[in-house]
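To keep things clear, I will list the structure first and then write my remarks on it.
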Amino acid sequence: GESVGLHLPTLSVQEGDNSIINCAYSNSASDYFIWYKQESGKGPQFIIDIRSNMDKRQGQRVTVLLNKTVKHLSLQIAATQPGDSAVYFCAESPQAGTALIFGKGTTLSVSS
Amino acid sequence: DAGVIQSPRHEVTEMGQEVTLRCKPISGHNSLFWYRQTMMRGLELLIYFNNNVPIDDSGMPEDRFSAKMPNASFSTLKIQPSEPRDSAVYFCASSFTGPVRPQHFGDGTRLSIL
């Protein structure tokens with residue numbers, strides 16, 4: 001079936017390093033992708049999104065890359081900080097007007 | 001600006017009881033989503049509304065679950081009767097409808113059915 005999955009369930013980095021969180025999606029027709037950060041006891045928090053007509057989008061310390069050829073999405077976090085420790089989810093929208101499908105999540109652990 | 005507001009934040013009740021979860025979306029958003037999050041299944045969509053109308057309820061587990069959106073600023077998710085396997089964190093999210101539509105989540109209701 002159609003699903004969004006993550007390559008690695010956990011990622012441990014040192015403070016100041018760059019982090020890369022990966023995501024594979026299965027539906028080539030998906031037109032919208034989004035990354036969320038979820039801290040303990042809170043709801044998912046929007047980080048950055050990208051439409052399928054783009055291959056890169058940058059925010060503050062974050063960059064999302066979209067490779068439609070291999071159906072791969074990644075989130076890069078520059079100069080990772082302890083406050084970045086959380087679970088990160090990618091999500092896709094298979095077609096306009098439908099709800100998002102979420103992956104299982106990657107836990108990012110930042111040590112100082 | 002106020003985000004999505006959910007209540008209660010925590011609910012503990014005995015099986016068989018009726019449970020009602022509440023959500024106030026962000027003002028102006030016209031899509032509203034209910035999700036359930038568990039360790040085993042992750043984040044699952046239960047139902048979503050566009051302009052107060054249910055669009056897709058295929059994720060609702062069974063007839064014990066029902067959701068309503070009587071107006072643009074309020075929605076409820078009801079479980080009757082509740083069962084221990086309903087224990088989870090329930091999230092409400094809202095967004096604008098359109099091609100670029102990030103959903104904004106509330107902080108959830110942690111539900112424990114004993």
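Scheme for the structure tokens: letters A, B, ... for chains in order shown; per-chain residue numbers from 1; ligand numbers from 1 in order shown.
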
Please report as a PyMOL selection string which residues of chain B come no farther than 8 Å from chain A, using only C-alpha atoms. chain B and resi 41-45+48+91+97-100+102-108

If we count only C-alpha atoms, what is near stretch 71-83 of chain B at a cut-off of 9 Å, once residues fewer than 4 positions away on the same chain are taken out, given as a ChimeraX atom specification? /B:13-32,34,51-52,63-67,87,92,113-114

Looking only at strand (DSSP E or B) from DSSP on the backbone, list the matching residues of stretch 8-73 of chain B as an MDAnalysis selection string. chainID B and resid 10:13 19:24 31:38 42:50 53:56 65:71

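Every protein or nucleic acid residue with an atom no more than 9 Å from A:Ser12, counting only C-alpha atoms and leaving out same-chain residues fewer than 6 positions away, appears here: Ser19, Thr107, Leu108, Ser109, Val110 and Ser111 of chain A.
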
Nearby residues (only C-alpha atoms) at most 12 Å from A:Ser74, same-chain spacing under 6 positions excluded, as an MDAnalysis selection string: chainID A and resid 5:8 19:25 33:35 48:50 55:58 62:68 88:91 106

When you count only C-alpha atoms, which of these residues is closest to B:Met69: B:Phe33, B:Thr109, B:Tyr90, B:Met40? B:Phe33

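Atom CA of B:Asn50 lies 18.9 Å from atom CA of B:Arg36.
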
Applying 9 Å and only C-alpha atoms, which residues near B:Val89 remain after dropping the ones on its own chain fewer than 5 positions away? List them as a ChimeraX atom specification. /B:10,35-38,108-112

Serialized selection, N, CA, C and O atoms, as a compact mmCIF listing (two decimals), in the first residue's frame:
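Dumped everything to again_5.txt:
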```
# COMPACT_ATOMS: atom_id res chain seq x y z
N HIS B 10 -5.71 15.65 29.56
CA HIS B 10 -5.61 14.26 30.04
C HIS B 10 -7.00 13.78 30.43
O HIS B 10 -7.80 14.55 30.96
N TYR B 35 -6.48 12.97 14.65
CA TYR B 35 -5.50 11.90 14.55
C TYR B 35 -5.41 11.16 15.88
O TYR B 35 -5.73 11.68 16.94
N ARG B 36 -4.91 9.93 15.80
CA ARG B 36 -4.61 9.16 16.99
C ARG B 36 -3.15 8.72 16.90
O ARG B 36 -2.69 8.28 15.83
N GLN B 37 -2.44 8.82 18.01
CA GLN B 37 -1.03 8.44 18.01
C GLN B 37 -0.78 7.37 19.08
O GLN B 37 -1.10 7.56 20.25
N THR B 38 -0.22 6.26 18.66
CA THR B 38 0.20 5.20 19.56
C THR B 38 1.61 4.77 19.19
O THR B 38 2.09 5.04 18.08
N GLY B 108 -2.80 17.85 22.01
CA GLY B 108 -3.35 16.52 22.19
C GLY B 108 -4.07 16.28 23.50
O GLY B 108 -3.96 17.04 24.45
N THR B 109 -4.85 15.20 23.48
CA THR B 109 -5.50 14.68 24.69
C THR B 109 -4.95 13.28 24.94
O THR B 109 -5.07 12.42 24.07
N ARG B 110 -4.33 13.10 26.10
CA ARG B 110 -3.83 11.76 26.45
C ARG B 110 -4.95 11.01 27.14
O ARG B 110 -5.38 11.38 28.23
N LEU B 111 -5.43 9.97 26.47
CA LEU B 111 -6.60 9.22 26.94
C LEU B 111 -6.16 7.87 27.47
O LEU B 111 -5.46 7.12 26.78
N SER B 112 -6.59 7.57 28.68
CA SER B 112 -6.31 6.27 29.30
C SER B 112 -7.63 5.65 29.71
O SER B 112 -8.39 6.23 30.49
```

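The space between atom CA of A:Asn18 and atom CA of A:Ala78 spans 4.6 Å.
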
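Atom CA of A:Pro9 is found 24.7 Å from atom CA of B:Arg85.
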